[in-house]
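Data block for query17.cif (mmCIF, C-alpha atoms and all ligand atoms):
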```
data_data
loop_
_atom_site.label_atom_id
_atom_site.label_comp_id
_atom_site.auth_asym_id
_atom_site.auth_seq_id
_atom_site.Cartn_x
_atom_site.Cartn_y
_atom_site.Cartn_z
CA THR Z 18 86.47 163.60 -39.66
CA ALA Z 19 88.06 162.66 -42.99
CA GLU Z 20 85.96 159.48 -42.81
CA GLY Z 21 83.07 160.08 -45.21
CA PHE Z 22 84.72 163.06 -46.93
CA HIS Z 23 84.04 161.49 -50.33
CA LEU Z 24 80.29 161.19 -49.62
CA ARG Z 25 79.99 164.78 -48.36
CA LEU Z 26 81.96 166.02 -51.38
CA LEU Z 27 79.65 164.10 -53.74
CA GLU Z 28 76.56 165.63 -52.11
CA HIS Z 29 78.06 169.10 -52.57
CA VAL Z 30 79.00 168.36 -56.21
CA ARG Z 31 75.49 167.09 -57.01
CA LYS Z 32 74.01 170.36 -55.74
CA THR Z 33 76.42 172.86 -57.26
CA VAL Z 34 78.37 171.66 -60.31
CA LYS Z 35 77.77 172.54 -63.96
CA PRO Z 36 77.58 169.16 -65.76
CA GLY Z 37 79.85 168.45 -68.74
CA ASP Z 38 82.58 170.84 -67.64
CA ALA Z 39 85.79 169.28 -66.20
CA SER Z 40 87.32 172.64 -65.26
CA ASN Z 41 84.18 173.63 -63.36
CA MET Z 42 84.28 170.28 -61.51
CA ILE Z 43 87.94 170.81 -60.57
CA ALA Z 44 87.20 174.33 -59.32
CA THR Z 45 84.13 173.11 -57.40
CA ILE Z 46 86.16 170.44 -55.61
CA ASP Z 47 88.95 172.91 -54.76
CA ASN Z 48 86.43 175.46 -53.46
CA TYR Z 49 84.80 172.82 -51.23
CA CYS Z 50 88.21 171.76 -49.91
CA TYR Z 51 89.26 175.35 -49.14
CA THR Z 52 85.97 176.50 -47.62
CA VAL Z 53 84.35 173.42 -46.01
CA GLU Z 54 86.86 170.60 -45.38
CA SER Z 55 90.09 169.52 -47.07
CA GLY Z 56 90.35 166.14 -48.82
CA MET Z 57 93.43 164.27 -50.02
CA ASN Z 58 93.12 165.48 -53.62
CA VAL Z 59 96.40 166.69 -55.14
CA GLY Z 60 94.84 170.17 -55.12
CA ASP Z 61 95.32 173.30 -57.21
CA VAL Z 62 98.92 174.24 -56.27
CA LYS Z 63 100.55 170.83 -56.81
CA GLY Z 64 97.93 170.23 -59.52
CA LYS Z 65 99.45 173.07 -61.57
CA ILE Z 66 102.87 171.35 -61.36
CA LEU Z 67 101.22 168.10 -62.51
CA ASP Z 68 99.47 169.96 -65.37
CA ASP Z 69 102.79 171.44 -66.55
CA ILE Z 70 104.54 168.03 -66.50
CA VAL Z 71 101.65 166.41 -68.43
CA LEU Z 72 101.66 169.20 -71.04
CA GLU Z 73 105.47 169.02 -71.34
CA THR Z 74 105.36 165.20 -71.71
CA ASN Z 75 102.36 165.11 -74.07
CA PRO Z 76 101.75 161.42 -73.19
CA THR Z 77 99.49 159.10 -75.22
CA THR Z 78 99.33 156.29 -72.64
CA VAL Z 79 98.93 157.27 -68.98
CA LEU Z 80 98.46 155.43 -65.67
CA GLU Z 81 97.29 156.91 -62.36
CA LEU Z 82 97.65 154.94 -59.13
CA GLY Z 83 95.15 156.27 -56.58
CA THR Z 84 91.95 157.71 -58.08
CA PHE Z 85 90.28 158.71 -54.78
CA CYS Z 86 87.46 161.07 -55.95
CA GLY Z 87 88.74 161.55 -59.49
CA TYR Z 88 90.14 165.07 -59.08
CA SER Z 89 93.62 164.40 -60.50
CA ALA Z 90 92.13 162.08 -63.14
CA LEU Z 91 90.18 165.08 -64.44
CA ARG Z 92 93.25 167.35 -64.27
CA ILE Z 93 95.28 164.82 -66.27
CA ALA Z 94 92.55 163.88 -68.78
CA ARG Z 95 91.86 167.57 -69.48
CA ASN Z 96 95.43 167.91 -70.82
CA LEU Z 97 95.74 164.71 -72.88
CA PRO Z 98 95.85 164.63 -76.69
CA GLU Z 99 93.00 163.03 -78.68
CA ASN Z 100 93.06 159.18 -78.89
CA SER Z 101 95.25 158.82 -75.81
CA ARG Z 102 94.63 155.99 -73.34
CA PHE Z 103 94.32 156.88 -69.63
CA PHE Z 104 93.86 154.25 -66.90
CA THR Z 105 93.28 155.07 -63.23
CA VAL Z 106 93.46 152.41 -60.49
CA GLU Z 107 91.56 152.65 -57.16
CA PHE Z 108 91.45 149.83 -54.59
CA ASN Z 109 88.69 151.36 -52.36
CA PRO Z 110 85.27 150.61 -53.94
CA GLU Z 111 83.50 153.45 -52.10
CA HIS Z 112 86.03 156.00 -53.38
CA ALA Z 113 85.83 154.45 -56.86
CA ALA Z 114 82.03 154.82 -56.90
CA VAL Z 115 82.30 158.53 -56.07
CA ALA Z 116 85.06 159.01 -58.67
CA LYS Z 117 82.95 157.27 -61.32
CA GLU Z 118 80.04 159.67 -60.74
CA ILE Z 119 82.33 162.74 -60.61
CA ILE Z 120 84.09 161.71 -63.85
CA HIS Z 121 80.71 161.00 -65.51
CA THR Z 122 79.23 164.33 -64.41
CA ALA Z 123 82.31 166.13 -65.73
CA GLY Z 124 81.71 164.48 -69.12
CA MET Z 125 85.05 162.66 -69.17
CA ASP Z 126 83.86 159.02 -69.30
CA ASP Z 127 85.34 158.44 -72.75
CA LYS Z 128 88.79 159.70 -71.72
CA ILE Z 129 89.24 157.82 -68.45
CA GLN Z 130 89.16 154.07 -67.83
CA MET Z 131 88.90 153.22 -64.12
CA LEU Z 132 90.02 149.86 -62.73
CA ILE Z 133 88.98 148.85 -59.22
CA GLY Z 134 91.41 146.65 -57.30
CA PRO Z 135 94.87 146.50 -55.72
CA SER Z 136 97.60 148.07 -57.88
CA GLN Z 137 99.82 145.00 -57.46
CA GLU Z 138 97.10 142.88 -59.11
CA MET Z 139 96.12 145.48 -61.75
CA ILE Z 140 99.60 146.32 -63.08
CA PRO Z 141 100.31 142.80 -64.46
CA GLN Z 142 97.09 142.98 -66.52
CA PHE Z 143 98.01 145.96 -68.72
CA LYS Z 144 100.11 144.08 -71.30
CA GLY Z 145 97.08 141.82 -71.86
CA MET Z 146 94.97 144.95 -72.41
CA GLY Z 147 97.16 146.04 -75.31
CA VAL Z 148 99.31 148.52 -73.40
CA SER Z 149 102.93 148.32 -74.60
CA HIS Z 150 104.21 150.92 -72.11
CA PHE Z 151 103.15 154.03 -70.19
CA ASP Z 152 104.47 157.45 -71.23
CA LEU Z 153 103.46 158.94 -67.87
CA VAL Z 154 102.53 157.44 -64.48
CA PHE Z 155 101.04 159.56 -61.63
CA VAL Z 156 101.69 157.83 -58.28
CA ASP Z 157 99.34 159.09 -55.57
CA HIS Z 158 98.14 156.11 -53.55
CA GLU Z 159 99.35 154.28 -50.42
CA LYS Z 160 102.86 155.66 -49.79
CA ASP Z 161 104.25 152.21 -48.94
CA LEU Z 162 103.31 151.00 -52.44
CA TYR Z 163 105.18 153.69 -54.38
CA LYS Z 164 108.48 151.76 -54.52
CA PRO Z 165 107.09 148.24 -55.07
CA ASP Z 166 104.69 149.45 -57.76
CA VAL Z 167 107.36 151.31 -59.74
CA ILE Z 168 109.59 148.21 -59.48
CA LEU Z 169 106.65 146.10 -60.72
CA LEU Z 170 105.99 148.50 -63.63
CA GLU Z 171 109.60 148.06 -64.76
CA LYS Z 172 109.49 144.28 -64.26
CA GLU Z 173 106.32 144.12 -66.41
CA GLY Z 174 108.10 146.02 -69.18
CA LEU Z 175 105.64 148.91 -68.88
CA LEU Z 176 108.34 151.60 -68.71
CA LYS Z 177 110.18 152.73 -71.81
CA LYS Z 178 113.14 155.12 -72.24
CA GLY Z 179 111.62 158.54 -71.55
CA SER Z 180 108.69 157.31 -69.44
CA VAL Z 181 107.88 159.89 -66.75
CA ILE Z 182 106.89 158.95 -63.18
CA VAL Z 183 105.24 161.77 -61.19
CA ALA Z 184 104.92 161.08 -57.45
CA ASP Z 185 102.78 163.11 -55.03
CA ASN Z 186 103.47 163.54 -51.29
CA VAL Z 187 107.18 162.80 -51.30
CA VAL Z 188 107.58 165.13 -48.29
CA TYR Z 189 104.20 164.92 -46.52
CA PRO Z 190 103.08 162.31 -45.63
CA GLY Z 191 106.35 161.26 -47.32
CA SER Z 192 107.59 158.12 -49.07
CA PRO Z 193 111.25 157.88 -47.95
CA ASP Z 194 111.95 154.41 -49.32
CA TYR Z 195 110.63 155.48 -52.76
CA ILE Z 196 112.71 158.69 -52.79
CA ASP Z 197 115.83 156.79 -51.72
CA TYR Z 198 115.20 154.15 -54.39
CA VAL Z 199 114.49 156.44 -57.31
CA ARG Z 200 117.21 159.02 -56.57
CA ASN Z 201 119.95 156.40 -56.19
CA ASN Z 202 118.92 154.37 -59.24
CA PRO Z 203 120.96 155.08 -62.41
CA LYS Z 204 117.93 154.10 -64.49
CA PHE Z 205 116.03 157.22 -63.34
CA LYS Z 206 116.77 160.95 -63.59
CA SER Z 207 114.80 162.70 -60.84
CA THR Z 208 113.72 166.30 -60.21
CA ASN Z 209 112.07 167.60 -57.03
CA TYR Z 210 109.35 170.26 -57.18
CA MET Z 211 108.97 171.78 -53.70
CA SER Z 212 105.41 172.86 -52.99
CA GLU Z 213 102.80 172.70 -50.24
CA LEU Z 214 100.32 170.14 -48.96
CA GLU Z 215 96.98 170.51 -50.73
CA TYR Z 216 94.77 173.16 -49.10
CA HIS Z 217 97.42 173.81 -46.41
CA LYS Z 218 99.73 176.74 -47.33
CA ASP Z 219 101.64 176.26 -44.06
CA VAL Z 220 102.66 172.61 -44.66
CA VAL Z 221 105.55 171.70 -46.98
CA ASP Z 222 105.10 168.91 -49.51
CA ALA Z 223 106.68 168.12 -52.88
CA ILE Z 224 106.21 166.35 -56.19
CA GLU Z 225 109.04 164.20 -57.60
CA LYS Z 226 109.41 163.74 -61.36
CA SER Z 227 111.54 160.75 -62.38
CA ILE Z 228 112.37 160.06 -66.01
CA TYR Z 229 113.15 156.41 -66.81
CA ILE Z 230 116.29 156.23 -68.94
CA GLY Z 231 116.46 152.40 -68.90
O1 LIG Z 301 97.93 163.93 -50.96
C1 LIG Z 301 97.67 163.14 -49.87
C2 LIG Z 301 97.60 163.67 -48.58
C3 LIG Z 301 97.34 162.83 -47.49
C4 LIG Z 301 97.27 163.43 -46.13
C5 LIG Z 301 97.59 162.67 -45.00
C6 LIG Z 301 97.53 163.24 -43.73
C7 LIG Z 301 97.15 164.57 -43.59
F1 LIG Z 301 97.09 165.13 -42.37
C8 LIG Z 301 96.83 165.33 -44.70
C9 LIG Z 301 96.89 164.76 -45.97
C10 LIG Z 301 97.12 161.46 -47.69
C11 LIG Z 301 97.20 160.91 -48.99
C12 LIG Z 301 96.99 159.55 -49.24
N1 LIG Z 301 97.07 159.08 -50.50
C13 LIG Z 301 97.36 159.94 -51.52
N2 LIG Z 301 97.56 161.25 -51.35
C14 LIG Z 301 97.48 161.76 -50.10
MG MG Z 302 98.39 162.81 -52.71
#
```

Please, can you express the file's structure as structure tokens?
Amino acid sequence: TAEGFHLRLLEHVRKTVKPGDASNMIATIDNYCYTVESGMNVGDVKGKILDDIVLETNPTTVLELGTFCGYSALRIARNLPENSRFFTVEFNPEHAAVAKEIIHTAGMDDKIQMLIGPSQEMIPQFKGMGVSHFDLVFVDHEKDLYKPDVILLEKEGLLKKGSVIVADNVVYPGSPDYIDYVRNNPKFKSTNYMSELEYHKDVVDAIEKSIYIG
């Protein structure tokens, strides 16, 4: 069962990974998910779309909602310029503990700051941490929180003209209220990137990129 996936993945990583190498960690996680059991990481196919958007945006301040095991945190951090600030929020302490070890083993501690707690409580704290706004936000947590959290980010003044919101799973499992909100909101310009569910070629999923125009 998916229950305990993070612990089985961590055991596999401890036995096989080459420390200090983020790309090797990413490949190791993908290989485990293709050959042993799939986890809810964004994966390599949608991960490439995410990589391209990060490289195109070249963000200096980034937020991820939904760390899980740290896979997408590594994909994002790997493509950030020097002296950028990257925060990732995870509410599940067991997942966060696995992510912390995976990020540490990959040698990316100094690029990624993990916060453990509910996104609705974490988001109001960023101004006080010296964050003026986020250039890019990757939304990949509880699908029912996509819309309220993006609304909260705007309310907190954490979006600026040109800020990019990248949302995973807008088809499967789907976040219909978020898609409806962001596509019908004149403050956002959205693009859909059709793809497939991680590690499942036969299941359709998509990434939505929404640029905040304020
Ligand atoms: O990318 C994702 C995929 C799935 C998921 C659900 C059901 C299923 F059968 C397969 C995969 C769940 C997620 C929860 N949070 C963030 N991302 C997720
Ligand atoms: Mg996802």

*Would you name the residues within 8 Å of ligand MG 302 (chain Z), counting only C-alpha atoms and all ligand atoms, and put them as an MDAnalysis selection string?*
chainID Z and resid 57:59 157:158 185:186

*Distance query Z:Arg92 at most 10 Å, all atoms listed in the file, self and fewer than 6 positions along chain excluded, as a count of residues only*: 12

*Selection within 12 Å of ligand LIG 301 (chain Z) by only C-alpha atoms and all ligand atoms, output as a PyMOL selection string*: chain Z and resi 18-19+50+54-64+81-89+107-109+112+155-163+184-192+212-217+219-224

Got time to write the residues from that selection, C-alpha atoms, as a tab-separated table (two decimals), in the coordinates of the input?
```tsv
chain	number	residue	atom	x	y	z
Z	18	THR	CA	86.47	163.60	-39.66
Z	19	ALA	CA	88.06	162.66	-42.99
Z	50	CYS	CA	88.21	171.76	-49.91
Z	54	GLU	CA	86.86	170.60	-45.38
Z	55	SER	CA	90.09	169.52	-47.07
Z	56	GLY	CA	90.35	166.14	-48.82
Z	57	MET	CA	93.43	164.27	-50.02
Z	58	ASN	CA	93.12	165.48	-53.62
Z	59	VAL	CA	96.40	166.69	-55.14
Z	60	GLY	CA	94.84	170.17	-55.12
Z	61	ASP	CA	95.32	173.30	-57.21
Z	62	VAL	CA	98.92	174.24	-56.27
Z	63	LYS	CA	100.55	170.83	-56.81
Z	64	GLY	CA	97.93	170.23	-59.52
Z	81	GLU	CA	97.29	156.91	-62.36
Z	82	LEU	CA	97.65	154.94	-59.13
Z	83	GLY	CA	95.15	156.27	-56.58
Z	84	THR	CA	91.95	157.71	-58.08
Z	85	PHE	CA	90.28	158.71	-54.78
Z	86	CYS	CA	87.46	161.07	-55.95
Z	87	GLY	CA	88.74	161.55	-59.49
Z	88	TYR	CA	90.14	165.07	-59.08
Z	89	SER	CA	93.62	164.40	-60.50
Z	107	GLU	CA	91.56	152.65	-57.16
Z	108	PHE	CA	91.45	149.83	-54.59
Z	109	ASN	CA	88.69	151.36	-52.36
Z	112	HIS	CA	86.03	156.00	-53.38
Z	155	PHE	CA	101.04	159.56	-61.63
Z	156	VAL	CA	101.69	157.83	-58.28
Z	157	ASP	CA	99.34	159.09	-55.57
Z	158	HIS	CA	98.14	156.11	-53.55
Z	159	GLU	CA	99.35	154.28	-50.42
Z	160	LYS	CA	102.86	155.66	-49.79
Z	161	ASP	CA	104.25	152.21	-48.94
Z	162	LEU	CA	103.31	151.00	-52.44
Z	163	TYR	CA	105.18	153.69	-54.38
Z	184	ALA	CA	104.92	161.08	-57.45
Z	185	ASP	CA	102.78	163.11	-55.03
Z	186	ASN	CA	103.47	163.54	-51.29
Z	187	VAL	CA	107.18	162.80	-51.30
Z	188	VAL	CA	107.58	165.13	-48.29
Z	189	TYR	CA	104.20	164.92	-46.52
Z	190	PRO	CA	103.08	162.31	-45.63
Z	191	GLY	CA	106.35	161.26	-47.32
Z	192	SER	CA	107.59	158.12	-49.07
Z	212	SER	CA	105.41	172.86	-52.99
Z	213	GLU	CA	102.80	172.70	-50.24
Z	214	LEU	CA	100.32	170.14	-48.96
Z	215	GLU	CA	96.98	170.51	-50.73
Z	216	TYR	CA	94.77	173.16	-49.10
Z	217	HIS	CA	97.42	173.81	-46.41
Z	219	ASP	CA	101.64	176.26	-44.06
Z	220	VAL	CA	102.66	172.61	-44.66
Z	221	VAL	CA	105.55	171.70	-46.98
Z	222	ASP	CA	105.10	168.91	-49.51
Z	223	ALA	CA	106.68	168.12	-52.88
Z	224	ILE	CA	106.21	166.35	-56.19
```

_Quick one: residues within 12 Å of Z:Lys172, all atoms listed in the file, excluding same-chain residues fewer than 6 positions away - as a PyMOL selection string?_
chain Z and resi 137+140-141+144+150+165-166+231

*Might you pull out every residue within 10 Å of Z:Asn96, with only C-alpha atoms counted and same-chain residues fewer than 3 positions away left off, and present them as JSON, numbers by chain?*
{"Z": [68, 69, 71, 72, 75, 76, 91, 92, 93, 99]}

_atom CA of Z:Ser136 to atom CA of Z:Ile168, distance in Å rounded to a single decimal_ =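 Between atom CA of Z:Ser136 and atom CA of Z:Ile168 the gap works out to 12.1 Å.
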